[in-house]
Structure formats: C-alpha cells, structure tokens
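Shown next: query-v2.cif, containing mmCIF, C-alpha atoms.
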```
data_my_file
loop_
_atom_site.group_PDB
_atom_site.id
_atom_site.type_symbol
_atom_site.label_atom_id
_atom_site.label_comp_id
_atom_site.auth_asym_id
_atom_site.auth_seq_id
_atom_site.Cartn_x
_atom_site.Cartn_y
_atom_site.Cartn_z
ATOM 1 C CA MET A 28 71.557 -176.853 -18.627
ATOM 2 C CA GLY A 29 70.405 -178.791 -15.633
ATOM 3 C CA SER A 30 67.101 -179.999 -17.021
ATOM 4 C CA ALA A 31 68.683 -181.383 -20.181
ATOM 5 C CA ILE A 32 71.025 -183.612 -18.207
ATOM 6 C CA GLU A 33 68.366 -184.780 -15.766
ATOM 7 C CA ASN A 34 65.763 -185.561 -18.401
ATOM 8 C CA LYS A 35 68.226 -187.265 -20.702
ATOM 9 C CA LYS A 36 66.416 -189.973 -22.593
ATOM 10 C CA ASN A 37 67.954 -193.338 -23.025
ATOM 11 C CA ILE A 38 67.614 -194.940 -26.409
ATOM 12 C CA LYS A 39 66.622 -198.224 -24.777
ATOM 13 C CA ASP A 40 63.551 -196.561 -23.240
ATOM 14 C CA LEU A 41 62.062 -195.606 -26.612
ATOM 15 C CA PRO A 42 59.289 -197.859 -27.864
ATOM 16 C CA LYS A 43 60.426 -200.558 -30.225
ATOM 17 C CA TYR A 44 60.002 -199.722 -33.897
ATOM 18 C CA LYS A 45 57.314 -201.795 -35.539
ATOM 19 C CA LYS A 46 57.034 -201.837 -39.282
ATOM 20 C CA PRO A 47 53.655 -200.407 -40.288
ATOM 21 C CA LYS A 48 51.357 -202.880 -41.931
ATOM 22 C CA ARG A 49 50.566 -201.820 -45.445
ATOM 23 C CA ASN A 50 47.733 -203.083 -47.580
ATOM 24 C CA LEU A 51 49.342 -202.613 -50.935
ATOM 25 C CA PRO A 52 46.870 -203.500 -53.635
ATOM 26 C CA VAL A 53 48.102 -206.170 -55.965
ATOM 27 C CA ARG A 54 46.287 -204.640 -58.932
ATOM 28 C CA LEU A 55 45.012 -201.120 -59.505
ATOM 29 C CA PRO A 56 41.359 -200.566 -58.565
ATOM 30 C CA LYS A 57 39.023 -200.725 -61.480
ATOM 31 C CA GLN A 58 38.423 -196.987 -61.811
ATOM 32 C CA SER A 59 42.061 -195.961 -62.155
ATOM 33 C CA ARG A 60 43.173 -198.714 -64.499
ATOM 34 C CA ILE A 61 44.154 -197.344 -67.899
ATOM 35 C CA PRO A 62 42.132 -199.214 -70.507
ATOM 36 C CA LYS A 63 44.195 -201.491 -72.681
ATOM 37 C CA ASP A 64 43.235 -199.948 -75.980
ATOM 38 C CA VAL A 65 44.457 -196.509 -74.846
ATOM 39 C CA LEU A 66 47.845 -197.972 -73.959
ATOM 40 C CA LEU A 67 48.021 -199.853 -77.235
ATOM 41 C CA LYS A 68 47.203 -196.703 -79.164
ATOM 42 C CA LEU A 69 49.898 -194.796 -77.332
ATOM 43 C CA ILE A 70 52.518 -197.451 -78.017
ATOM 44 C CA LEU A 71 51.463 -197.664 -81.648
ATOM 45 C CA PHE A 72 51.763 -193.922 -82.163
ATOM 46 C CA THR A 73 55.135 -193.807 -80.445
ATOM 47 C CA ILE A 74 56.504 -196.549 -82.697
ATOM 48 C CA LEU A 75 55.036 -194.764 -85.715
ATOM 49 C CA MET A 76 56.718 -191.547 -84.662
ATOM 50 C CA PHE A 77 60.109 -193.220 -84.505
ATOM 51 C CA THR A 78 59.948 -195.215 -87.683
ATOM 52 C CA LEU A 79 57.699 -193.481 -90.176
ATOM 53 C CA PRO A 80 59.776 -190.332 -90.863
ATOM 54 C CA PHE A 81 62.934 -192.328 -91.593
ATOM 55 C CA ILE A 82 61.079 -194.827 -93.740
ATOM 56 C CA VAL A 83 59.584 -191.949 -95.725
ATOM 57 C CA TYR A 84 62.989 -190.263 -96.022
ATOM 58 C CA TYR A 85 64.786 -193.260 -97.438
ATOM 59 C CA TYR A 86 61.843 -194.256 -99.606
ATOM 60 C CA THR A 87 61.384 -190.871 -101.266
ATOM 61 C CA LEU A 88 65.078 -190.108 -101.538
ATOM 62 C CA ASP A 89 65.750 -192.143 -104.622
ATOM 63 C CA ARG A 90 62.308 -192.833 -106.009
ATOM 64 C CA PHE A 91 60.640 -189.430 -105.995
ATOM 65 C CA PHE A 92 63.318 -186.845 -105.430
ATOM 66 C CA ILE A 93 66.261 -188.269 -107.382
ATOM 67 C CA GLY A 94 68.738 -187.983 -104.547
ATOM 68 C CA ASN A 95 67.794 -184.445 -103.542
ATOM 69 C CA THR A 96 68.105 -184.678 -99.774
ATOM 70 C CA THR A 97 66.283 -181.423 -99.022
ATOM 71 C CA TYR A 98 62.918 -182.501 -100.350
ATOM 72 C CA ALA A 99 63.203 -185.948 -98.846
ATOM 73 C CA ALA A 100 63.909 -184.449 -95.422
ATOM 74 C CA LEU A 101 60.990 -182.075 -95.828
ATOM 75 C CA ALA A 102 58.765 -185.041 -96.605
ATOM 76 C CA ALA A 103 60.048 -186.794 -93.489
ATOM 77 C CA ALA A 104 59.333 -183.750 -91.312
ATOM 78 C CA PHE A 105 55.897 -183.522 -92.887
ATOM 79 C CA THR A 106 55.093 -187.123 -91.972
ATOM 80 C CA ALA A 107 56.299 -186.540 -88.419
ATOM 81 C CA ASN A 108 53.829 -183.684 -88.175
ATOM 82 C CA LEU A 109 51.134 -185.880 -89.706
ATOM 83 C CA VAL A 110 51.685 -188.453 -86.975
ATOM 84 C CA ILE A 111 51.294 -185.723 -84.365
ATOM 85 C CA ALA A 112 48.103 -184.450 -85.988
ATOM 86 C CA ALA A 113 46.709 -187.977 -86.119
ATOM 87 C CA TYR A 114 47.513 -188.465 -82.442
ATOM 88 C CA VAL A 115 45.861 -185.190 -81.490
ATOM 89 C CA VAL A 116 42.722 -186.098 -83.441
ATOM 90 C CA VAL A 117 42.566 -189.575 -81.923
ATOM 91 C CA ALA A 118 43.046 -188.222 -78.407
ATOM 92 C CA ILE A 119 40.341 -185.571 -78.781
ATOM 93 C CA VAL A 120 37.837 -188.007 -80.313
ATOM 94 C CA GLU A 121 38.542 -190.459 -77.520
ATOM 95 C CA ASP A 122 37.971 -187.780 -74.923
ATOM 96 C CA ARG A 123 34.746 -186.684 -76.524
ATOM 97 C CA GLY A 124 33.575 -190.294 -76.461
ATOM 98 C CA ASP A 125 34.367 -190.537 -72.750
ATOM 99 C CA ASP A 126 32.524 -187.311 -72.029
ATOM 100 C CA ASP A 127 29.417 -188.543 -73.830
ATOM 101 C CA ASP A 128 29.479 -191.787 -71.829
ATOM 102 C CA ASN A 129 29.856 -189.880 -68.573
ATOM 103 C CA THR A 130 26.954 -187.552 -69.324
ATOM 104 C CA GLU A 131 24.794 -190.538 -70.286
ATOM 105 C CA THR A 132 25.474 -192.309 -66.987
ATOM 106 C CA ASN A 133 24.899 -189.054 -65.105
ATOM 107 C CA ASN A 134 21.555 -188.618 -66.821
ATOM 108 C CA LYS A 135 20.622 -192.165 -65.939
ATOM 109 C CA THR A 136 21.437 -191.760 -62.237
ATOM 110 C CA GLU A 137 19.520 -188.493 -62.141
ATOM 111 C CA MET B 22 73.699 -153.791 -63.823
ATOM 112 C CA GLY B 23 74.410 -157.477 -64.292
ATOM 113 C CA PHE B 24 77.792 -157.491 -62.606
ATOM 114 C CA TYR B 25 78.488 -160.539 -60.484
ATOM 115 C CA THR B 26 78.713 -159.812 -56.811
ATOM 116 C CA ASN B 27 80.225 -162.934 -55.333
ATOM 117 C CA LEU B 28 83.950 -163.171 -54.981
ATOM 118 C CA LYS B 29 84.495 -166.426 -56.844
ATOM 119 C CA ALA B 30 82.790 -165.280 -60.026
ATOM 120 C CA ARG B 31 84.515 -161.942 -59.991
ATOM 121 C CA SER B 32 87.934 -163.487 -59.446
ATOM 122 C CA ILE B 33 87.437 -165.969 -62.302
ATOM 123 C CA TYR B 34 86.346 -163.167 -64.586
ATOM 124 C CA TYR B 35 89.275 -160.929 -63.752
ATOM 125 C CA LEU B 36 91.814 -163.754 -63.875
ATOM 126 C CA THR B 37 90.813 -164.856 -67.345
ATOM 127 C CA ALA B 38 90.721 -161.265 -68.587
ATOM 128 C CA THR B 39 94.220 -160.657 -67.205
ATOM 129 C CA PHE B 40 95.519 -163.870 -68.728
ATOM 130 C CA LEU B 41 94.155 -163.016 -72.154
ATOM 131 C CA ILE B 42 95.553 -159.497 -72.005
ATOM 132 C CA VAL B 43 98.964 -160.803 -70.983
ATOM 133 C CA VAL B 44 99.021 -163.306 -73.854
ATOM 134 C CA ALA B 45 97.924 -160.676 -76.367
ATOM 135 C CA LEU B 46 100.503 -158.140 -75.204
ATOM 136 C CA ASN B 47 103.208 -160.794 -75.210
ATOM 137 C CA LEU B 48 102.485 -161.644 -78.818
ATOM 138 C CA LEU B 49 102.377 -157.979 -79.715
ATOM 139 C CA PHE B 50 105.572 -156.929 -78.045
ATOM 140 C CA THR B 51 107.733 -159.859 -79.106
ATOM 141 C CA GLY B 52 106.962 -159.266 -82.756
ATOM 142 C CA LYS B 53 104.859 -162.401 -83.154
ATOM 143 C CA GLY B 54 101.613 -160.491 -83.672
ATOM 144 C CA GLU B 55 101.062 -162.129 -87.041
ATOM 145 C CA GLU B 56 100.724 -165.514 -85.403
ATOM 146 C CA PHE B 57 97.259 -164.622 -84.232
ATOM 147 C CA ASP B 58 95.661 -165.466 -87.542
ATOM 148 C CA PHE B 59 92.049 -166.504 -87.774
ATOM 149 C CA GLY B 60 92.337 -167.380 -91.440
ATOM 150 C CA ARG B 61 95.185 -169.758 -90.750
ATOM 151 C CA PHE B 62 93.083 -171.352 -88.022
ATOM 152 C CA LEU B 63 90.251 -171.896 -90.478
ATOM 153 C CA LEU B 64 92.508 -173.371 -93.104
ATOM 154 C CA ASN B 65 94.517 -175.589 -90.800
ATOM 155 C CA THR B 66 91.648 -177.160 -88.900
ATOM 156 C CA SER B 67 90.410 -180.219 -90.612
ATOM 157 C CA PRO B 68 87.104 -179.797 -92.459
ATOM 158 C CA PHE B 69 86.005 -183.120 -91.035
ATOM 159 C CA MET B 70 85.963 -181.599 -87.565
ATOM 160 C CA TRP B 71 83.569 -178.865 -88.632
ATOM 161 C CA ALA B 72 81.270 -181.230 -90.475
ATOM 162 C CA LEU B 73 81.156 -183.809 -87.727
ATOM 163 C CA LEU B 74 80.653 -181.125 -85.100
ATOM 164 C CA GLY B 75 77.642 -179.966 -87.064
ATOM 165 C CA ALA B 76 76.195 -183.433 -87.349
ATOM 166 C CA ALA B 77 76.814 -184.088 -83.661
ATOM 167 C CA SER B 78 75.466 -180.799 -82.381
ATOM 168 C CA SER B 79 72.268 -181.034 -84.390
ATOM 169 C CA VAL B 80 71.136 -184.221 -82.731
ATOM 170 C CA ALA B 81 72.752 -183.627 -79.346
ATOM 171 C CA ILE B 82 71.415 -180.134 -78.698
ATOM 172 C CA SER B 83 67.964 -181.020 -80.098
ATOM 173 C CA VAL B 84 67.748 -183.960 -77.748
ATOM 174 C CA VAL B 85 68.694 -181.683 -74.852
ATOM 175 C CA GLY B 86 65.801 -179.445 -75.811
ATOM 176 C CA ALA B 87 63.379 -182.331 -76.179
ATOM 177 C CA ALA B 88 64.449 -183.889 -72.892
ATOM 178 C CA TRP B 89 64.157 -180.603 -71.057
ATOM 179 C CA GLY B 90 60.664 -180.104 -72.431
ATOM 180 C CA ILE B 91 59.578 -183.617 -71.622
ATOM 181 C CA TYR B 92 60.797 -183.493 -68.078
ATOM 182 C CA ILE B 93 59.119 -180.181 -67.340
ATOM 183 C CA CYS B 94 55.894 -181.364 -68.928
ATOM 184 C CA GLY B 95 55.981 -184.860 -67.498
ATOM 185 C CA VAL B 96 56.528 -183.705 -63.953
ATOM 186 C CA THR B 97 53.451 -181.495 -64.119
ATOM 187 C CA ILE B 98 51.292 -184.149 -65.735
ATOM 188 C CA LEU B 99 52.279 -186.788 -63.207
ATOM 189 C CA GLY B 100 51.796 -184.410 -60.321
ATOM 190 C CA GLY B 101 48.442 -183.198 -61.556
ATOM 191 C CA ALA B 102 47.234 -186.715 -62.252
ATOM 192 C CA VAL B 103 47.392 -187.467 -58.538
ATOM 193 C CA ARG B 104 44.358 -185.286 -57.962
ATOM 194 C CA VAL B 105 42.726 -185.324 -61.395
ATOM 195 C CA PRO B 106 43.436 -188.670 -63.046
ATOM 196 C CA ARG B 107 41.599 -187.875 -66.241
ATOM 197 C CA ILE B 108 44.405 -185.631 -67.541
ATOM 198 C CA LYS B 109 46.768 -188.578 -67.877
ATOM 199 C CA THR B 110 46.042 -189.700 -71.395
ATOM 200 C CA LYS B 111 45.138 -186.502 -73.183
ATOM 201 C CA ASN B 112 48.168 -184.494 -72.086
ATOM 202 C CA LEU B 113 50.554 -186.924 -73.698
ATOM 203 C CA ILE B 114 50.022 -184.744 -76.752
ATOM 204 C CA SER B 115 52.389 -182.191 -75.207
ATOM 205 C CA ILE B 116 54.996 -184.874 -74.722
ATOM 206 C CA ILE B 117 54.724 -185.951 -78.326
ATOM 207 C CA PHE B 118 55.161 -182.325 -79.428
ATOM 208 C CA CYS B 119 58.380 -182.181 -77.441
ATOM 209 C CA GLU B 120 59.598 -185.436 -78.870
ATOM 210 C CA VAL B 121 59.116 -184.504 -82.491
ATOM 211 C CA VAL B 122 61.758 -181.841 -81.944
ATOM 212 C CA ALA B 123 64.283 -184.609 -81.342
ATOM 213 C CA ILE B 124 63.115 -186.315 -84.531
ATOM 214 C CA TYR B 125 63.989 -183.138 -86.465
ATOM 215 C CA GLY B 126 67.508 -183.276 -85.072
ATOM 216 C CA ILE B 127 67.899 -186.908 -86.054
ATOM 217 C CA ILE B 128 66.661 -186.299 -89.593
ATOM 218 C CA ILE B 129 69.254 -183.565 -90.067
ATOM 219 C CA SER B 130 72.003 -185.760 -88.647
ATOM 220 C CA ILE B 131 71.107 -188.608 -90.977
ATOM 221 C CA ILE B 132 71.267 -186.292 -93.975
ATOM 222 C CA PHE B 133 74.628 -184.946 -92.875
ATOM 223 C CA SER B 134 76.119 -188.337 -92.197
ATOM 224 C CA SER B 135 75.508 -189.308 -95.785
ATOM 225 C CA LYS B 136 77.465 -186.285 -96.982
ATOM 226 C CA ILE B 137 80.478 -186.801 -94.758
ATOM 227 C CA ALA B 138 83.010 -189.183 -96.198
ATOM 228 C CA PRO B 139 86.714 -189.258 -95.574
ATOM 229 C CA SER B 140 88.068 -187.664 -98.701
ATOM 230 C CA ASN B 141 91.570 -188.551 -99.680
ATOM 231 C CA PRO B 142 93.115 -185.604 -101.438
ATOM 232 C CA SER B 143 95.848 -186.562 -103.853
ATOM 233 C CA LYS B 144 96.834 -182.912 -103.737
ATOM 234 C CA MET B 145 98.264 -181.332 -100.611
ATOM 235 C CA TYR B 146 95.110 -179.456 -99.688
ATOM 236 C CA TYR B 147 91.406 -179.981 -99.463
ATOM 237 C CA SER B 148 89.354 -178.516 -102.271
ATOM 238 C CA ARG B 149 86.952 -175.640 -101.895
ATOM 239 C CA GLU B 150 83.927 -177.897 -102.146
ATOM 240 C CA VAL B 151 85.060 -179.938 -99.188
ATOM 241 C CA TYR B 152 85.520 -176.800 -97.104
ATOM 242 C CA PHE B 153 82.162 -175.448 -98.145
ATOM 243 C CA THR B 154 80.449 -178.690 -97.226
ATOM 244 C CA ALA B 155 82.202 -178.707 -93.874
ATOM 245 C CA PHE B 156 81.286 -175.153 -92.917
ATOM 246 C CA ALA B 157 77.739 -175.500 -94.239
ATOM 247 C CA LEU B 158 77.177 -178.671 -92.249
ATOM 248 C CA PHE B 159 78.615 -177.072 -89.122
ATOM 249 C CA TRP B 160 76.389 -174.042 -89.166
ATOM 250 C CA ALA B 161 73.338 -175.934 -90.352
ATOM 251 C CA GLY B 162 73.757 -178.395 -87.504
ATOM 252 C CA LEU B 163 74.143 -175.585 -85.015
ATOM 253 C CA THR B 164 71.038 -173.859 -86.430
ATOM 254 C CA THR B 165 68.935 -176.955 -85.982
ATOM 255 C CA GLY B 166 70.343 -177.719 -82.559
ATOM 256 C CA VAL B 167 69.842 -174.346 -80.961
ATOM 257 C CA SER B 168 66.435 -173.679 -82.474
ATOM 258 C CA ASP B 169 65.209 -177.108 -81.447
ATOM 259 C CA LEU B 170 66.607 -176.529 -77.958
ATOM 260 C CA ALA B 171 64.523 -173.387 -77.620
ATOM 261 C CA CYS B 172 61.483 -175.054 -79.177
ATOM 262 C CA GLY B 173 61.655 -178.026 -76.846
ATOM 263 C CA ILE B 174 61.851 -175.855 -73.743
ATOM 264 C CA CYS B 175 59.017 -173.660 -75.023
ATOM 265 C CA VAL B 176 56.685 -176.561 -75.722
ATOM 266 C CA GLY B 177 57.580 -178.171 -72.405
ATOM 267 C CA ILE B 178 56.790 -175.176 -70.276
ATOM 268 C CA SER B 179 53.567 -174.336 -72.104
ATOM 269 C CA GLY B 180 52.607 -178.007 -72.024
ATOM 270 C CA SER B 181 53.021 -178.118 -68.287
ATOM 271 C CA SER B 182 50.679 -175.188 -67.846
ATOM 272 C CA ALA B 183 48.299 -176.758 -70.327
ATOM 273 C CA ALA B 184 48.131 -179.809 -68.082
ATOM 274 C CA LEU B 185 47.209 -177.644 -65.119
ATOM 275 C CA ALA B 186 44.593 -175.791 -67.146
ATOM 276 C CA ASP B 187 43.159 -179.091 -68.311
ATOM 277 C CA ALA B 188 42.996 -180.305 -64.729
ATOM 278 C CA ALA B 189 41.023 -177.228 -63.745
ATOM 279 C CA ASP B 190 38.668 -177.110 -66.705
ATOM 280 C CA ALA B 191 38.497 -179.812 -69.345
ATOM 281 C CA SER B 192 37.330 -177.542 -72.137
ATOM 282 C CA LEU B 193 40.454 -175.386 -71.938
ATOM 283 C CA PHE B 194 42.862 -177.952 -73.311
ATOM 284 C CA VAL B 195 42.039 -177.643 -76.972
ATOM 285 C CA LYS B 196 42.450 -173.887 -76.827
ATOM 286 C CA VAL B 197 45.783 -174.092 -75.040
ATOM 287 C CA LEU B 198 46.951 -176.593 -77.653
ATOM 288 C CA VAL B 199 47.146 -173.734 -80.161
ATOM 289 C CA VAL B 200 49.960 -172.215 -78.106
ATOM 290 C CA GLU B 201 51.884 -175.472 -78.313
ATOM 291 C CA ILE B 202 51.343 -175.719 -82.042
ATOM 292 C CA PHE B 203 52.866 -172.276 -82.498
ATOM 293 C CA GLY B 204 55.747 -173.236 -80.276
ATOM 294 C CA SER B 205 56.390 -176.359 -82.269
ATOM 295 C CA ILE B 206 56.460 -174.490 -85.556
ATOM 296 C CA ILE B 207 59.569 -172.562 -84.557
ATOM 297 C CA GLY B 208 61.447 -175.845 -84.371
ATOM 298 C CA LEU B 209 60.383 -176.452 -87.931
ATOM 299 C CA PHE B 210 61.954 -173.127 -88.964
ATOM 300 C CA GLY B 211 65.374 -174.289 -87.813
ATOM 301 C CA LEU B 212 64.959 -177.500 -89.762
ATOM 302 C CA ILE B 213 63.976 -175.709 -92.960
ATOM 303 C CA ILE B 214 66.866 -173.246 -92.846
ATOM 304 C CA ALA B 215 69.308 -176.042 -92.101
ATOM 305 C CA LEU B 216 68.011 -177.941 -95.112
ATOM 306 C CA ILE B 217 68.374 -174.898 -97.326
ATOM 307 C CA MET B 218 71.934 -174.315 -96.124
ATOM 308 C CA GLN B 219 73.065 -177.840 -96.782
ATOM 309 C CA GLY B 220 71.218 -178.041 -100.071
ATOM 310 C CA LYS B 221 74.218 -176.890 -102.032
ATOM 311 C CA ALA B 222 76.764 -178.869 -100.063
ATOM 312 C CA LYS B 223 77.993 -181.739 -102.161
ATOM 313 C CA GLU B 224 79.236 -184.961 -100.727
ATOM 314 C CA MET B 225 82.872 -184.828 -99.716
ATOM 315 C CA LYS B 226 84.880 -186.691 -102.265
#
```

Target format structure tokens, applied to this file:
Amino acid sequence: MGSAIENKKNIKDLPKYKKPKRNLPVRLPKQSRIPKDVLLKLILFTILMFTLPFIVYYYTLDRFFIGNTTYAALAAAFTANLVIAAYVVVAIVEDRGDDDDNTETNNKTE
Amino acid sequence: MGFYTNLKARSIYYLTATFLIVVALNLLFTGKGEEFDFGRFLLNTSPFMWALLGAASSVAISVVGAAWGIYICGVTILGGAVRVPRIKTKNLISIIFCEVVAIYGIIISIIFSSKIAPSNPSKMYYSREVYFTAFALFWAGLTTGVSDLACGICVGISGSSAALADAADASLFVKVLVVEIFGSIIGLFGLIIALIMQGKAKEMK
C-alpha cells in the first residue's frame, strides 16, 4: 500500500508520444505484384459466371425447349459448371507454366 | 444428454412449454377444440404466400450458404497467403465453387418468379392448380435453399483446408480438389429435385 502511493507516476513525466515513422511503399514490390493477365482472367471468369447461366436459360427456354423450364434450368446449371471447369483448367495450366519457369531459372542458377 | 444447463435457456424452454399446454387445454376444455384445424390453416392462407416464400427462401438461404463458405475459405486463403504468397491465385477455385451454389439459388428463383402471377379468381376460391403450384414452389424453394446452405458450408470448410494443404505442399491441391467437387455435387442434387418438383406446376392464372 505504501509503495504504490510513493512511487505514483505522474502522466506528465512519461515520455512524449512520437508517431513512428513508417516507410509505406507506394507500390507493391515487384515479386508480390499479381500479374495483370491473372487479374484480368479472374475478372473475366467472374463476369462469365454471373451472366452466362442466365443468358443460356433465357436463350434455350423458347428456342430449344419450347417453354419447358426444367430443361432450360438444367442447361443453365450445366453452363455454370462448365465455367467452373474452364476456370479450374486455366488455373492448373497457369500454375504448371509457372512451375516450369521456376525450375528453368533454378537450373540456370545452379 | 443434451439438456440445457443454464438457467435462462431452461426457463425459456419451460415457459413456452407451459404456455402451449395452457392454450391447448383452454381450447379443449371450453369446447373450442375444433378450432385447432390444420386443414383450415392451409386453405385460408393465401397461396401467394407459400409460393413467394419458396422463391425467397431458395435464393436467400443459398446465398447464406455461399457467403458462409466464402468467408471461411477466404479467411484461410488470405491468412495463408501472408507466409506463402503463391497460394493466392490458385485457391480462388474454392471460392468459385462456393459461389456457384448461389447461382443455383438464383436460377431457381428466376424460374419461380415466372410462374407466380397474381391470379384473380372470379369464383370465391382459388383453384386446385393454384394451390398445387404454391405448395410445390414452397417446398422446392426450401429444398434448394437448405441443400445449397449445406453445400456452401461444406465446400467452404474443405476449401479452407485445401488452401492450407496447398501452402504446405503444392502437389496436394489437385488431389484435394476432388473433395470439393464431391461437395459441390450435393448442391446440384437440391437443384435437380427442385426442378423436378416444380416441373408440373403450371403458371398461376
């Protein structure tokens, strides 16, 4: 009890707060920048995913399936899955391409 | 054995049970027992409520499932990409799997919205076809919604672990993707059954 009152700190005695200087980079360093074509592909596939199933639904509803909504909806779900499959294939091919480049540069440095 | 232990939950449980028993006994003892009529409830509620509830729940509950999956998956991918930045682009496949579940819900809602029209009966009652359409749309919407909810959560959780596996060993991702494909197929089941159920439902005239 005694020591707490004697050693009471005054807030004016604390060192003044200085804002830490930060070196925020204006742009990402070159290694961690996502390449533009990857971003474009992602945006393209997202837009396809939103629009293609509904376009297919309304297109096939009257022309192919004579107003039968079941088959038109099945076609729309099928195209949604096609977009997914296409994205998976593109992503895996892209990754395989990156791996080949990395192994080539590794071989060169060795 | 699954019995709640805290006081608040127990009191709520017992209070509602007592209230329901009191209401039921009141109806029974005052000779109004016939008022508790489920058939009258079904006939007196508007068929539009059932149909619109179905259309609403199919998209709403599917989107809950997709959002749940995406947030679980996205948190893991973003966290893992701090240490292993190469997982950023490839693991978006899991996110797209989660999102397609929401697309199923929207497709079903669009189909239903074309079948719902405010019918103006010149008679005093709605016809049987209108009631069938309403009930079919309600249960088909609920089928899609709940199965897509489960599918979205499933794909999200397995996608999050797939991201961690990919961060540890790059060759594992393609094998873990099979798990996500199976998880995504169960969402398709809900869609197919919903389509079959509403196949016979004619547009409300």

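Across B:Thr110, B:Trp160, B:Val199, B:Asn65, the tightest approach to A:Val65 is made by B:Thr110 when counting only C-alpha atoms.
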
Evaluated on this file, the PyMOL selection byres ((chain B) within 7 of (chain A)) picks out some residues - which ones are they, written as an mmCIF file with C-alpha atoms, in the frame of the given file?
```cif
data_model
loop_
_atom_site.group_PDB
_atom_site.id
_atom_site.type_symbol
_atom_site.label_atom_id
_atom_site.label_comp_id
_atom_site.auth_asym_id
_atom_site.auth_seq_id
_atom_site.Cartn_x
_atom_site.Cartn_y
_atom_site.Cartn_z
ATOM 1 C CA LYS B 111 45.138 -186.502 -73.183
ATOM 2 C CA ILE B 114 50.022 -184.744 -76.752
ATOM 3 C CA ILE B 117 54.724 -185.951 -78.326
ATOM 4 C CA VAL B 121 59.116 -184.504 -82.491
ATOM 5 C CA TYR B 125 63.989 -183.138 -86.465
ATOM 6 C CA ILE B 128 66.661 -186.299 -89.593
ATOM 7 C CA ILE B 132 71.267 -186.292 -93.975
ATOM 8 C CA LEU B 216 68.011 -177.941 -95.112
ATOM 9 C CA GLY B 220 71.218 -178.041 -100.071
#
```

For B:Ile129: contacts at 12 Å, all atoms listed in the file, fewer than 4 positions along chain excluded, given as a count of residues only: 47

Shell around B:Phe153 at 9 Å using all atoms listed in the file, local window under 4 positions removed, as a list in words: Pro68, Ser148, Arg149, Ala157, Leu158, Lys221, Ala222 and Lys223 of chain B

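Put simply, atom CA of A:Lys63 is 14.0 Å away from atom CA of B:Lys109.
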
Taking all atoms of stretch 76-81 of chain B that the file lists, what box with edges along x, y and z, padded by 4 Å per side, do you get, with centre and edge lengths in Å to one decimal, as JSON?
```
{"center_x": 74.0, "center_y": -182.5, "center_z": -83.3, "size_x": 13.7, "size_y": 11.4, "size_z": 16.0}
```

Result set, the PyMOL selection byres ((chain B and resi 185) around 12) on current file, as a VMD selection string: chain B and resid 94 to 109 112 178 to 184 186 to 191 193 to 194 197

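Here atom CA of B:Val85 stands at a distance of 14.1 Å from atom CA of B:Ile116.
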
Which residue of B:Ala30, B:Val151, B:Ala38, B:Val200 approaches B:Ala138 most closely, using all atoms listed in the file: B:Val151

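The gap separating atom CA of B:Leu49 from atom CA of B:Ser32 is 25.5 Å, in Å to one decimal.
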
Evaluate the PyMOL selection byres ((chain B and resi 86) around 10) and report residues as an MDAnalysis selection string: chainID B and resid 80:85 87:91 119:120 122:123 166:177

Those same residues - C-alpha atoms - I'd like them written as a compact mmCIF listing (two decimals), in the coordinates of the input.
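Below is the file out37.txt, written as the result:
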```
# COMPACT_ATOMS: atom_id res chain seq x y z
CA VAL B 80 71.14 -184.22 -82.73
CA ALA B 81 72.75 -183.63 -79.35
CA ILE B 82 71.42 -180.13 -78.70
CA SER B 83 67.96 -181.02 -80.10
CA VAL B 84 67.75 -183.96 -77.75
CA VAL B 85 68.69 -181.68 -74.85
CA ALA B 87 63.38 -182.33 -76.18
CA ALA B 88 64.45 -183.89 -72.89
CA TRP B 89 64.16 -180.60 -71.06
CA GLY B 90 60.66 -180.10 -72.43
CA ILE B 91 59.58 -183.62 -71.62
CA CYS B 119 58.38 -182.18 -77.44
CA GLU B 120 59.60 -185.44 -78.87
CA VAL B 122 61.76 -181.84 -81.94
CA ALA B 123 64.28 -184.61 -81.34
CA GLY B 166 70.34 -177.72 -82.56
CA VAL B 167 69.84 -174.35 -80.96
CA SER B 168 66.44 -173.68 -82.47
CA ASP B 169 65.21 -177.11 -81.45
CA LEU B 170 66.61 -176.53 -77.96
CA ALA B 171 64.52 -173.39 -77.62
CA CYS B 172 61.48 -175.05 -79.18
CA GLY B 173 61.66 -178.03 -76.85
CA ILE B 174 61.85 -175.86 -73.74
CA CYS B 175 59.02 -173.66 -75.02
CA VAL B 176 56.68 -176.56 -75.72
CA GLY B 177 57.58 -178.17 -72.40
```
